[in-house]
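Asker: Please read through the structure below; I'll follow up with questions.
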Amino acid sequence: MRICLVSETWAPEINGVAHTLMQLSRELRERGMALQLIRPQPANGSASEPTPGMQAELQVRGMAIPGYRAVRIGLPAGRRMRCLWQAQRPDVVYLATQGPLGWSARRAAKRLGIPLVAGWHTNFDHYCGDYGVPWLAPLLMRGLRHFHNGCQATLVPTRQQANDLAGHGFERLEVMGRGIDQERFSPGLRCAELRRSWGVDEHSPVALHVGRLAAEKNLTLLRETLHVMRSARPDMAQVIVGDGPARRSLEKALPEAHFTGFISPEALARHYASADMFLFPSLSETWGNVVPEAMASGLAVVAYRHAAAAELIDSGVNGVTVTAGDAEAFRDAAVALCQQPARYAQMGRAAQLRSQTCRWPAIADKFLSVLQQAREIDHETTRPCRI
């Protein structure tokens, strides 16, 4: 099968979409699939080196999101995409973005009669509330419904997400979870020296958070939770991995915490394994790769019953989940757990076992089956048209 991936983001950028697409593309290449990639140029405005393993790659003009320059969106490039696809026609196009680049690709593919599958990678309606424009959410959802319902299928990461979107009139939804690299994340990477650098021994707890430090990540609750946990366990270390526009204010609010910024994949795996608990208060994720990464590293996760946590955590057995949006319950659960070393250690062992069921080869099989079905949909749906 010849597959074209259209994405706003790609490695070495650090985010869930880039990570998911990199893992999928690796699995697809191992199966002998011919891949194309369409993405924005890097921030310097000049094309970067082509991605290894791609049959073809088109880098289009992009622009930074105002106020969040680390995130770039691709600009429309319909003519260039049509030229590429007329010369090297893919069997199916996978849209990982609903931005201007995604709409442009959607129009070009429909004009050429190429089947489309879209992915739901970002909860845009939730972001509207986080960035002060909640009134925009209904209009945005209307546009997204039109975008996705014009595709042969839409892949969503959880059953909960599929039910929510179906309630908003989205059609042809398929659930495709996410995998975890079992070789990369392991409790065996626990490092006593790293723990000493945080000022703790094996008998003191370490609470970890990993993620982009931005408004949509519910950092106010993270800050409040770490404060009350520290009151309950003054010997506890707090480690925050990641960067973003909210880092400076969070550093001022948590002067005792260890902030690492972005770190290498190898260092990240050691940080996970060297902690004891993982705090994840965000409700903006469609999946949240950090949750299974923490579980695979043997950590007890405290999270809302949402996205990956709702799919993977049996609360009280391999982590703790609370009702989405109940901040008091989240704080109480974290405070109780940090005072029970035997309990969080037992949960961490159970979490590591649960994570072993999340394997990328199985995820890639699901991805390919949906793309294959898209190819087989009645030709009337995919005939050339002018959109």
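Just so we're on the same page: first chain in the structure tokens is A, next is B, and so on; residues restart at 1 for each chain, and ligands are numbered from 1 in the order they show up.
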What are the nearest atom pairs, with distances in Å to one decimal, for all residues of segment 44-101 of chain A that come at most 8 Å from segment 5-8 of chain A, using only C-alpha atoms, set out by chain and rising residue number as CSV?

Answerer:
```
residue,atom,partner,partner_atom,distance
A:Arg72,CA,A:Glu8,CA,7.0
A:Ile73,CA,A:Glu8,CA,5.6
A:Gly74,CA,A:Glu8,CA,5.9
A:Val93,CA,A:Leu5,CA,6.2
A:Tyr94,CA,A:Leu5,CA,5.0
A:Leu95,CA,A:Val6,CA,5.1
A:Ala96,CA,A:Ser7,CA,5.0
A:Thr97,CA,A:Ser7,CA,5.5
A:Gly99,CA,A:Glu8,CA,7.9
A:Leu101,CA,A:Glu8,CA,7.5
```

Asker: Which neighbours of Arg61 of chain A fall inside 7 Å, counting only C-alpha atoms, when residues of the same chain fewer than 5 positions from it are skipped, and could you give them as a PyMOL selection string?

Answerer: chain A and resi 40-41+74-75

Asker: Could you give me, as a Markdown table, a per-residue list for segment 244-338 of chain A showing, wherever an atom lies at most 6 Å from an atom of segment 166-190 of chain A, the closest pair of atoms and their distance in Å to one decimal, using only C-alpha atoms and sorting by chain then residue number from low to high?

Answerer:
```
| residue | atom | partner | partner_atom | distance |
| --- | --- | --- | --- | --- |
| A:Ala269 | CA | A:Phe185 | CA | 5.5 |
| A:Arg270 | CA | A:Leu189 | CA | 5.3 |
| A:Ala273 | CA | A:Arg190 | CA | 4.6 |
| A:Ser274 | CA | A:Arg190 | CA | 4.4 |
| A:Ala296 | CA | A:Phe185 | CA | 5.8 |
| A:Ser297 | CA | A:Ser186 | CA | 4.4 |
| A:Gly298 | CA | A:Pro187 | CA | 5.2 |
```

Asker: Export C-alpha atoms of the chosen residues as a PDB file, in the first residue's frame?

Answerer:
```pdb
ATOM      1  CA  ALA A 269      13.407   6.789  30.583  1.00  0.00           C
ATOM      2  CA  ARG A 270      15.760   7.025  33.590  1.00  0.00           C
ATOM      3  CA  ALA A 273      12.097   4.704  36.367  1.00  0.00           C
ATOM      4  CA  SER A 274      13.746   6.668  39.186  1.00  0.00           C
ATOM      5  CA  ALA A 296       5.761   0.840  31.718  1.00  0.00           C
ATOM      6  CA  SER A 297       8.418   2.358  33.981  1.00  0.00           C
ATOM      7  CA  GLY A 298       6.724   0.941  37.076  1.00  0.00           C
TER       8      GLY A 298
END
```

Asker: Using only C-alpha atoms, pick whichever of A:Met236, A:Ala342, A:Leu283, A:Ala108 has the shortest atom-to-atom distance to Glu216 of chain A.

Answerer: A:Leu283
